[in-house]
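File shown: input27.cif. Contents: mmCIF, C-alpha atoms.
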```
data_final
#
loop_
_atom_site.group_PDB
_atom_site.id
_atom_site.type_symbol
_atom_site.label_atom_id
_atom_site.label_comp_id
_atom_site.auth_asym_id
_atom_site.auth_seq_id
_atom_site.Cartn_x
_atom_site.Cartn_y
_atom_site.Cartn_z
ATOM 1 C CA MET A 1478 -26.868 -29.946 -11.873
ATOM 2 C CA CYS A 1479 -24.619 -27.053 -10.876
ATOM 3 C CA THR A 1480 -22.152 -24.554 -12.264
ATOM 4 C CA LEU A 1481 -18.623 -24.292 -10.905
ATOM 5 C CA GLY A 1482 -17.001 -20.863 -11.184
ATOM 6 C CA LEU A 1483 -13.239 -20.305 -11.054
ATOM 7 C CA GLU A 1484 -11.614 -16.886 -10.609
ATOM 8 C CA THR A 1485 -7.829 -16.573 -10.192
ATOM 9 C CA SER A 1486 -7.024 -13.490 -12.279
ATOM 10 C CA THR A 1487 -5.852 -11.635 -9.151
ATOM 11 C CA ARG A 1488 -4.141 -12.628 -5.905
ATOM 12 C CA ARG A 1489 -7.548 -12.858 -4.242
ATOM 13 C CA GLY A 1490 -8.875 -15.878 -6.091
ATOM 14 C CA SER A 1491 -12.183 -17.604 -5.385
ATOM 15 C CA VAL A 1492 -14.308 -20.616 -6.258
ATOM 16 C CA ALA A 1493 -18.105 -20.746 -6.366
ATOM 17 C CA ILE A 1494 -20.881 -23.234 -7.069
ATOM 18 C CA TRP A 1495 -24.345 -22.274 -8.242
ATOM 19 C CA ASN A 1496 -27.568 -24.190 -8.705
ATOM 20 C CA GLY A 1497 -28.980 -21.553 -11.049
ATOM 21 C CA GLU A 1498 -31.575 -20.291 -8.594
ATOM 22 C CA ASP A 1499 -30.187 -19.387 -5.185
ATOM 23 C CA PRO A 1500 -27.226 -17.003 -4.748
ATOM 24 C CA PRO A 1501 -23.925 -18.732 -5.589
ATOM 25 C CA LEU A 1502 -21.936 -20.249 -2.742
ATOM 26 C CA GLU A 1503 -18.432 -18.794 -2.809
ATOM 27 C CA ARG A 1504 -15.160 -19.586 -1.079
ATOM 28 C CA SER A 1505 -12.023 -17.437 -1.145
ATOM 29 C CA LEU A 1506 -8.646 -18.967 -1.942
ATOM 30 C CA GLY A 1507 -7.183 -16.705 0.731
ATOM 31 C CA ALA A 1508 -6.490 -12.983 0.929
ATOM 32 C CA GLN A 1509 -3.449 -12.063 -1.152
ATOM 33 C CA SER A 1510 -3.023 -15.743 -2.029
ATOM 34 C CA GLN A 1511 -0.126 -16.492 -4.363
ATOM 35 C CA LYS A 1512 -0.595 -20.264 -4.208
ATOM 36 C CA HIS A 1513 -3.603 -20.778 -6.462
ATOM 37 C CA ALA A 1514 -2.016 -23.892 -7.980
ATOM 38 C CA THR A 1515 -1.987 -25.667 -4.607
ATOM 39 C CA THR A 1516 -5.219 -24.307 -3.123
ATOM 40 C CA LEU A 1517 -7.634 -24.262 -6.077
ATOM 41 C CA PHE A 1518 -8.579 -27.947 -6.145
ATOM 42 C CA GLN A 1519 -8.448 -28.250 -2.366
ATOM 43 C CA VAL A 1520 -10.928 -25.404 -1.874
ATOM 44 C CA MET A 1521 -13.118 -26.650 -4.720
ATOM 45 C CA ASP A 1522 -13.262 -30.123 -3.163
ATOM 46 C CA GLU A 1523 -14.108 -28.700 0.267
ATOM 47 C CA LEU A 1524 -16.875 -26.506 -1.147
ATOM 48 C CA LEU A 1525 -18.479 -29.407 -2.999
ATOM 49 C CA LYS A 1526 -18.324 -31.765 -0.025
ATOM 50 C CA GLU A 1527 -19.696 -29.195 2.419
ATOM 51 C CA ASN A 1528 -22.763 -28.829 0.191
ATOM 52 C CA GLY A 1529 -23.288 -32.527 -0.428
ATOM 53 C CA LEU A 1530 -22.105 -32.411 -4.032
ATOM 54 C CA LYS A 1531 -19.780 -34.522 -6.132
ATOM 55 C CA PRO A 1532 -17.847 -33.520 -9.276
ATOM 56 C CA ASN A 1533 -20.356 -35.453 -11.382
ATOM 57 C CA ASP A 1534 -23.070 -33.071 -10.151
ATOM 58 C CA LEU A 1535 -21.448 -30.278 -12.170
ATOM 59 C CA ALA A 1536 -22.938 -29.406 -15.559
ATOM 60 C CA VAL A 1537 -20.993 -26.234 -16.372
ATOM 61 C CA ILE A 1538 -17.449 -25.063 -15.652
ATOM 62 C CA ALA A 1539 -17.151 -21.269 -15.910
ATOM 63 C CA VAL A 1540 -13.765 -19.609 -15.771
ATOM 64 C CA SER A 1541 -12.574 -16.023 -15.645
ATOM 65 C CA ILE A 1542 -10.127 -15.656 -18.578
ATOM 66 C CA GLY A 1543 -8.605 -12.205 -18.062
ATOM 67 C CA PRO A 1544 -7.068 -9.792 -18.337
ATOM 68 C CA GLY A 1545 -5.167 -10.369 -15.130
ATOM 69 C CA SER A 1546 -2.240 -12.222 -13.610
ATOM 70 C CA PHE A 1547 -0.378 -14.336 -16.177
ATOM 71 C CA THR A 1548 0.237 -17.164 -13.721
ATOM 72 C CA GLY A 1549 -3.187 -17.001 -12.110
ATOM 73 C CA LEU A 1550 -5.020 -17.124 -15.437
ATOM 74 C CA ARG A 1551 -2.991 -20.077 -16.649
ATOM 75 C CA ILE A 1552 -3.823 -22.019 -13.493
ATOM 76 C CA SER A 1553 -7.590 -21.547 -13.630
ATOM 77 C CA VAL A 1554 -7.907 -21.939 -17.397
ATOM 78 C CA VAL A 1555 -5.967 -25.215 -17.372
ATOM 79 C CA ALA A 1556 -8.024 -26.402 -14.394
ATOM 80 C CA ALA A 1557 -11.296 -25.482 -16.112
ATOM 81 C CA LYS A 1558 -10.324 -27.201 -19.359
ATOM 82 C CA THR A 1559 -9.245 -30.327 -17.506
ATOM 83 C CA LEU A 1560 -12.458 -30.490 -15.471
ATOM 84 C CA ALA A 1561 -14.697 -29.809 -18.459
ATOM 85 C CA TYR A 1562 -13.028 -32.543 -20.495
ATOM 86 C CA THR A 1563 -12.886 -35.082 -17.672
ATOM 87 C CA LEU A 1564 -16.466 -34.550 -16.472
ATOM 88 C CA GLY A 1565 -18.025 -33.877 -19.871
ATOM 89 C CA CYS A 1566 -19.236 -30.429 -18.776
ATOM 90 C CA ASP A 1567 -19.983 -27.354 -20.826
ATOM 91 C CA LEU A 1568 -17.160 -24.813 -20.599
ATOM 92 C CA LYS A 1569 -17.898 -21.082 -20.377
ATOM 93 C CA ALA A 1570 -15.194 -18.416 -20.783
ATOM 94 C CA ILE A 1571 -16.028 -15.207 -18.903
ATOM 95 C CA ASP A 1572 -14.283 -11.891 -19.509
ATOM 96 C CA THR A 1573 -12.858 -10.906 -16.113
ATOM 97 C CA PHE A 1574 -13.764 -7.250 -16.600
ATOM 98 C CA LEU A 1575 -17.345 -8.195 -17.507
ATOM 99 C CA ALA A 1576 -17.513 -10.087 -14.200
ATOM 100 C CA VAL A 1577 -16.393 -6.941 -12.366
ATOM 101 C CA ALA A 1578 -18.956 -4.803 -14.207
ATOM 102 C CA HIS A 1579 -21.633 -7.374 -13.326
ATOM 103 C CA GLN A 1580 -20.969 -6.698 -9.632
ATOM 104 C CA SER A 1581 -21.830 -2.993 -9.977
ATOM 105 C CA PRO A 1582 -24.856 -1.554 -8.126
ATOM 106 C CA ALA A 1583 -28.218 -1.629 -9.908
ATOM 107 C CA GLU A 1584 -28.375 2.147 -10.185
ATOM 108 C CA ILE A 1585 -25.157 2.271 -12.229
ATOM 109 C CA SER A 1586 -25.685 2.191 -16.026
ATOM 110 C CA ALA A 1587 -22.114 2.717 -17.209
ATOM 111 C CA VAL A 1588 -18.771 1.828 -15.670
ATOM 112 C CA THR A 1589 -15.097 1.642 -16.566
ATOM 113 C CA VAL A 1590 -13.252 -1.377 -15.214
ATOM 114 C CA LEU A 1591 -9.535 -0.937 -14.538
ATOM 115 C CA GLY A 1592 -6.749 -3.474 -14.187
ATOM 116 C CA ASP A 1593 -3.088 -2.997 -13.347
ATOM 117 C CA ALA A 1594 -1.146 -3.584 -16.579
ATOM 118 C CA GLN A 1595 2.155 -2.943 -14.762
ATOM 119 C CA ARG A 1596 4.893 -0.566 -15.954
ATOM 120 C CA GLY A 1597 2.719 2.467 -15.144
ATOM 121 C CA ASP A 1598 -0.099 1.317 -17.446
ATOM 122 C CA LEU A 1599 -3.743 0.419 -16.950
ATOM 123 C CA PHE A 1600 -6.077 -1.990 -18.665
ATOM 124 C CA ALA A 1601 -9.348 -0.089 -19.162
ATOM 125 C CA GLY A 1602 -12.660 -1.493 -20.347
ATOM 126 C CA ASP A 1603 -15.899 0.476 -20.710
ATOM 127 C CA PHE A 1604 -19.217 -1.284 -20.062
ATOM 128 C CA VAL A 1605 -22.855 -0.184 -20.366
ATOM 129 C CA ARG A 1606 -26.175 -1.827 -19.548
ATOM 130 C CA ASP A 1607 -28.319 -2.773 -22.533
ATOM 131 C CA GLY A 1608 -32.112 -2.521 -22.714
ATOM 132 C CA SER A 1609 -32.556 -5.720 -20.729
ATOM 133 C CA GLY A 1610 -30.185 -4.607 -17.989
ATOM 134 C CA LEU A 1611 -27.276 -6.831 -19.016
ATOM 135 C CA TRP A 1612 -23.773 -5.447 -19.076
ATOM 136 C CA GLN A 1613 -22.161 -5.186 -22.512
ATOM 137 C CA PRO A 1614 -18.674 -4.004 -23.532
ATOM 138 C CA ASN A 1615 -18.569 -0.558 -25.088
ATOM 139 C CA GLY A 1616 -15.481 -1.045 -27.240
ATOM 140 C CA LYS A 1617 -12.401 -3.181 -26.689
ATOM 141 C CA ILE A 1618 -10.293 -3.285 -23.532
ATOM 142 C CA ARG A 1619 -7.368 -0.930 -24.039
ATOM 143 C CA ILE A 1620 -3.971 -0.277 -22.492
ATOM 144 C CA GLU A 1621 -3.305 3.301 -21.364
ATOM 145 C CA ALA A 1622 -0.632 5.031 -19.367
ATOM 146 C CA ALA A 1623 -2.149 5.677 -15.949
ATOM 147 C CA GLU A 1624 -1.298 9.371 -16.147
ATOM 148 C CA ASP A 1625 -2.933 9.724 -19.569
ATOM 149 C CA PHE A 1626 -6.043 7.932 -18.345
ATOM 150 C CA LYS A 1627 -6.294 10.245 -15.328
ATOM 151 C CA ASN A 1628 -5.970 13.332 -17.529
ATOM 152 C CA SER A 1629 -8.727 12.091 -19.848
ATOM 153 C CA LEU A 1630 -11.352 11.837 -17.093
ATOM 154 C CA GLN A 1631 -14.236 14.310 -17.099
ATOM 155 C CA GLY A 1632 -15.283 13.773 -13.489
ATOM 156 C CA ASP A 1633 -18.565 11.932 -14.069
ATOM 157 C CA GLU A 1634 -17.163 8.465 -14.828
ATOM 158 C CA ASN A 1635 -17.775 5.450 -12.567
ATOM 159 C CA LEU A 1636 -14.574 3.485 -11.970
ATOM 160 C CA THR A 1637 -14.079 0.022 -10.511
ATOM 161 C CA GLY A 1638 -11.763 -2.949 -10.896
ATOM 162 C CA PRO A 1639 -8.640 -4.481 -9.353
ATOM 163 C CA GLY A 1640 -6.433 -1.766 -10.833
ATOM 164 C CA LEU A 1641 -7.748 0.634 -8.207
ATOM 165 C CA ALA A 1642 -5.762 -1.223 -5.563
ATOM 166 C CA ARG A 1643 -2.757 0.674 -6.904
ATOM 167 C CA TYR A 1644 -4.281 3.747 -8.508
ATOM 168 C CA SER A 1645 -7.272 4.764 -6.361
ATOM 169 C CA SER A 1646 -5.390 7.586 -4.636
ATOM 170 C CA GLN A 1647 -4.493 9.089 -8.008
ATOM 171 C CA LEU A 1648 -7.982 8.778 -9.484
ATOM 172 C CA GLU A 1649 -10.404 9.387 -6.603
ATOM 173 C CA SER A 1650 -10.515 13.154 -7.120
ATOM 174 C CA HIS A 1651 -11.045 12.808 -10.880
ATOM 175 C CA ALA A 1652 -13.995 10.351 -11.034
ATOM 176 C CA ARG A 1653 -16.458 8.370 -8.919
ATOM 177 C CA LEU A 1654 -14.961 5.193 -7.482
ATOM 178 C CA LEU A 1655 -17.343 2.355 -6.683
ATOM 179 C CA ASP A 1656 -17.110 0.815 -3.234
ATOM 180 C CA GLU A 1657 -13.864 -1.072 -2.646
ATOM 181 C CA SER A 1658 -15.781 -4.298 -1.962
ATOM 182 C CA LEU A 1659 -16.787 -4.355 -5.648
ATOM 183 C CA HIS A 1660 -13.336 -3.920 -7.198
ATOM 184 C CA GLN A 1661 -12.099 -7.512 -7.237
ATOM 185 C CA PRO A 1662 -13.614 -10.074 -9.642
ATOM 186 C CA ARG A 1663 -15.480 -12.865 -7.890
ATOM 187 C CA ALA A 1664 -16.261 -16.450 -8.817
ATOM 188 C CA SER A 1665 -19.916 -15.885 -7.919
ATOM 189 C CA ALA A 1666 -20.206 -13.323 -10.734
ATOM 190 C CA VAL A 1667 -18.464 -15.743 -13.099
ATOM 191 C CA CYS A 1668 -21.097 -18.357 -12.250
ATOM 192 C CA GLU A 1669 -24.023 -16.005 -12.839
ATOM 193 C CA LEU A 1670 -22.665 -14.763 -16.161
ATOM 194 C CA SER A 1671 -22.345 -18.334 -17.418
ATOM 195 C CA ALA A 1672 -26.153 -18.469 -17.680
ATOM 196 C CA ARG A 1673 -26.304 -15.684 -20.277
ATOM 197 C CA ASN A 1674 -27.497 -16.899 -23.681
ATOM 198 C CA ASP A 1675 -25.129 -14.525 -25.487
ATOM 199 C CA LEU A 1676 -22.110 -16.203 -23.864
ATOM 200 C CA PRO A 1677 -22.008 -19.635 -25.543
ATOM 201 C CA SER A 1678 -19.964 -22.655 -24.532
ATOM 202 C CA VAL A 1679 -16.389 -22.809 -25.827
ATOM 203 C CA ASP A 1680 -14.098 -25.595 -26.985
ATOM 204 C CA CYS A 1681 -11.841 -26.834 -24.183
ATOM 205 C CA TRP A 1682 -8.967 -27.471 -26.601
ATOM 206 C CA SER A 1683 -8.795 -23.977 -28.066
ATOM 207 C CA LEU A 1684 -9.569 -21.831 -24.998
ATOM 208 C CA GLN A 1685 -6.706 -19.521 -24.026
ATOM 209 C CA PRO A 1686 -6.384 -16.806 -21.361
ATOM 210 C CA LEU A 1687 -6.938 -13.198 -22.435
ATOM 211 C CA TYR A 1688 -3.521 -11.682 -21.771
ATOM 212 C CA LEU A 1689 -3.710 -8.507 -23.974
ATOM 213 C CA ARG A 1690 0.026 -7.948 -23.687
ATOM 214 C CA LYS A 1691 3.173 -10.031 -23.382
ATOM 215 C CA SER A 1692 4.771 -10.615 -20.024
ATOM 216 C CA SER A 1693 7.779 -8.555 -18.977
ATOM 217 C CA ALA A 1694 9.978 -11.636 -19.347
ATOM 218 C CA GLU A 1695 8.764 -12.199 -22.933
ATOM 219 C CA GLU A 1696 9.339 -8.583 -23.894
ATOM 220 C CA LYS A 1697 12.852 -8.617 -22.425
ATOM 221 C CA TRP A 1698 13.633 -11.842 -24.287
ATOM 222 C CA GLU A 1699 12.415 -10.400 -27.595
ATOM 223 C CA GLN A 1700 14.437 -7.228 -27.001
ATOM 224 C CA LYS A 1701 17.522 -9.304 -26.265
ATOM 225 C CA GLN A 1702 17.003 -11.356 -29.421
ATOM 226 C CA ALA A 1703 16.529 -8.195 -31.513
ATOM 227 C CA GLU A 1704 19.711 -6.689 -30.099
ATOM 228 C CA SER A 1705 21.637 -9.887 -30.797
ATOM 229 C CA SER A 1706 20.444 -10.062 -34.396
ATOM 230 C CA SER A 1707 21.442 -6.439 -35.055
ATOM 231 C CA GLU A 1708 25.034 -6.936 -33.901
#
```

Kindly return the structure encoded in the file as structure tokens.
Amino acid sequence: MCTLGLETSTRRGSVAIWNGEDPPLERSLGAQSQKHATTLFQVMDELLKENGLKPNDLAVIAVSIGPGSFTGLRISVVAAKTLAYTLGCDLKAIDTFLAVAHQSPAEISAVTVLGDAQRGDLFAGDFVRDGSGLWQPNGKIRIEAAEDFKNSLQGDENLTGPGLARYSSQLESHARLLDESLHQPRASAVCELSARNDLPSVDCWSLQPLYLRKSSAEEKWEQKQAESSSE
């Protein structure tokens, strides 16, 4: 029985399957893909068939829940909930930034994961290894102005995450940036994290993406409504 991992929090989505022993088998949804809704199930089906598996061979559905792209997260979370319900699988919700931290080199004991929060802001989450070598959050993920975050750096921090796609040039002289190949969250990491005992199964009816902030469209709508009510 295998685990299926779904990761669509960024444009570079991926799907992976894992038997719990060998390294996960991963397939990209396509570089800079913006069509996760049309490619996710196609790629998942191809990956299963190529490895002689059927949907009923899946025991766990693990999904990256954010923070990340509003549309991308909705697609994978809905897909994961549907699969878990239909197949009777356990459902695991994996913090996207924890998945990124999990990909860090073994010699790294602390890392800050960055995401692009748009509007000149960053999502920033600090992670440290515990006594057993597992990554744990060191506080909540926060939203900071990119300029303020840069000015707060001491020079000895390790930085990673998809937010560096936009901000690496501004931050590279102020901290240590992990290799670019480690910045994007991957479905293989989502699979591996699903085996952690401190990350229990979740209810498929109540699971929601971790957005952290409202979309630009929602904020504009609320502003418009507030202006209308004050007239």

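Taking CA of Arg1504 in chain A and CA of Ser1658 in chain A as endpoints, the distance between them is 15.3 Å.
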
Sorted by chain and rising residue number, list the residues of range 1568-1647 of chain A at most 12 Å from range 1541-1559 of chain A (counting all atoms listed in the file), each with its closest atom pair and distance in Å to one decimal, as CSV.
```
residue,atom,partner,partner_atom,distance
A:Leu1568,CA,A:Lys1558,CA,7.3
A:Lys1569,CA,A:Ser1541,CA,8.7
A:Ala1570,CA,A:Ile1542,CA,6.2
A:Ile1571,CA,A:Ser1541,CA,4.8
A:Asp1572,CA,A:Ile1542,CA,5.7
A:Thr1573,CA,A:Gly1543,CA,4.9
A:Phe1574,CA,A:Gly1543,CA,7.3
A:Leu1575,CA,A:Ser1541,CA,9.4
A:Ala1576,CA,A:Ser1541,CA,7.9
A:Val1577,CA,A:Ser1541,CA,10.4
A:Val1590,CA,A:Pro1544,CA,10.9
A:Leu1591,CA,A:Pro1544,CA,9.9
A:Gly1592,CA,A:Gly1545,CA,7.1
A:Asp1593,CA,A:Gly1545,CA,7.9
A:Ala1594,CA,A:Gly1545,CA,8.0
A:Gln1595,CA,A:Ser1546,CA,10.3
A:Leu1599,CA,A:Pro1544,CA,10.8
A:Phe1600,CA,A:Pro1544,CA,7.9
A:Ala1601,CA,A:Pro1544,CA,10.0
A:Gly1602,CA,A:Pro1544,CA,10.2
A:Lys1617,CA,A:Pro1544,CA,11.9
A:Ile1618,CA,A:Pro1544,CA,8.9
A:Arg1619,CA,A:Pro1544,CA,10.5
A:Ile1620,CA,A:Pro1544,CA,10.8
A:Gly1638,CA,A:Gly1545,CA,10.8
A:Pro1639,CA,A:Gly1545,CA,9.0
A:Gly1640,CA,A:Gly1545,CA,9.7
```

Selected residue of minimal separation from Thr1589 in chain A among A:Leu1611, A:Leu1636, A:Leu1530, A:Val1492, counting all atoms listed in the file: A:Leu1636

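Note that the spacing between CA of His1579 in chain A and CA of His1660 in chain A amounts to 10.9 Å.
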
Output of the PyMOL selection byres ((chain A and resi 1615) around 6), listed as a PyMOL selection string: chain A and resi 1603-1604+1614+1616

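Distances here use only C-alpha atoms; by that measure, the residue among A:Leu1655, A:Pro1677, A:Glu1649, A:Arg1663 closest to Thr1487 in chain A is A:Arg1663.
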
Explicit residue set for the PyMOL selection byres ((chain A and resi 1531) around 12), as an MDAnalysis selection string: chainID A and resid 1478:1481 1494 1521:1530 1532:1536 1564

Write the selection just made, keeping C-alpha atoms, as a short mmCIF file (atom, residue, chain, number, x, y, z; two decimals), in the frame of the given file?
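out.cif, written as the output of this step:
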```cif
data_model
loop_
_atom_site.label_atom_id
_atom_site.label_comp_id
_atom_site.auth_asym_id
_atom_site.auth_seq_id
_atom_site.Cartn_x
_atom_site.Cartn_y
_atom_site.Cartn_z
CA MET A 1478 -26.87 -29.95 -11.87
CA CYS A 1479 -24.62 -27.05 -10.88
CA THR A 1480 -22.15 -24.55 -12.26
CA LEU A 1481 -18.62 -24.29 -10.90
CA ILE A 1494 -20.88 -23.23 -7.07
CA MET A 1521 -13.12 -26.65 -4.72
CA ASP A 1522 -13.26 -30.12 -3.16
CA GLU A 1523 -14.11 -28.70 0.27
CA LEU A 1524 -16.88 -26.51 -1.15
CA LEU A 1525 -18.48 -29.41 -3.00
CA LYS A 1526 -18.32 -31.76 -0.02
CA GLU A 1527 -19.70 -29.20 2.42
CA ASN A 1528 -22.76 -28.83 0.19
CA GLY A 1529 -23.29 -32.53 -0.43
CA LEU A 1530 -22.10 -32.41 -4.03
CA PRO A 1532 -17.85 -33.52 -9.28
CA ASN A 1533 -20.36 -35.45 -11.38
CA ASP A 1534 -23.07 -33.07 -10.15
CA LEU A 1535 -21.45 -30.28 -12.17
CA ALA A 1536 -22.94 -29.41 -15.56
CA LEU A 1564 -16.47 -34.55 -16.47
#
```

Near-Asn1635 in chain A list (7 Å; all atoms listed in the file; drop same-chain fewer than 4 positions) as a ChimeraX atom specification: /A:1587-1589,1652-1655

Pairwise distance for CA of Gly1597 in chain A and CA of Thr1637 in chain A, rounded to one decimal in Å: 17.6 Å

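Every protein, DNA or RNA residue with an atom at most 6 Å from range 1665-1668 of chain A, where only C-alpha atoms count and chain neighbours fewer than 3 positions away do not, is listed here: Gly1482, Ala1493, Pro1501, Ala1576 and Ser1671 of chain A.
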
Nearest residue to Ser1491 in chain A from the set A:Leu1648, A:Leu1676, A:Cys1566, A:Val1540 (distances using all atoms listed in the file): A:Val1540

Proximity to Asp1499 in chain A - best of A:Glu1669, A:Arg1643, A:Phe1518, A:Gln1580, all atoms listed in the file: A:Glu1669
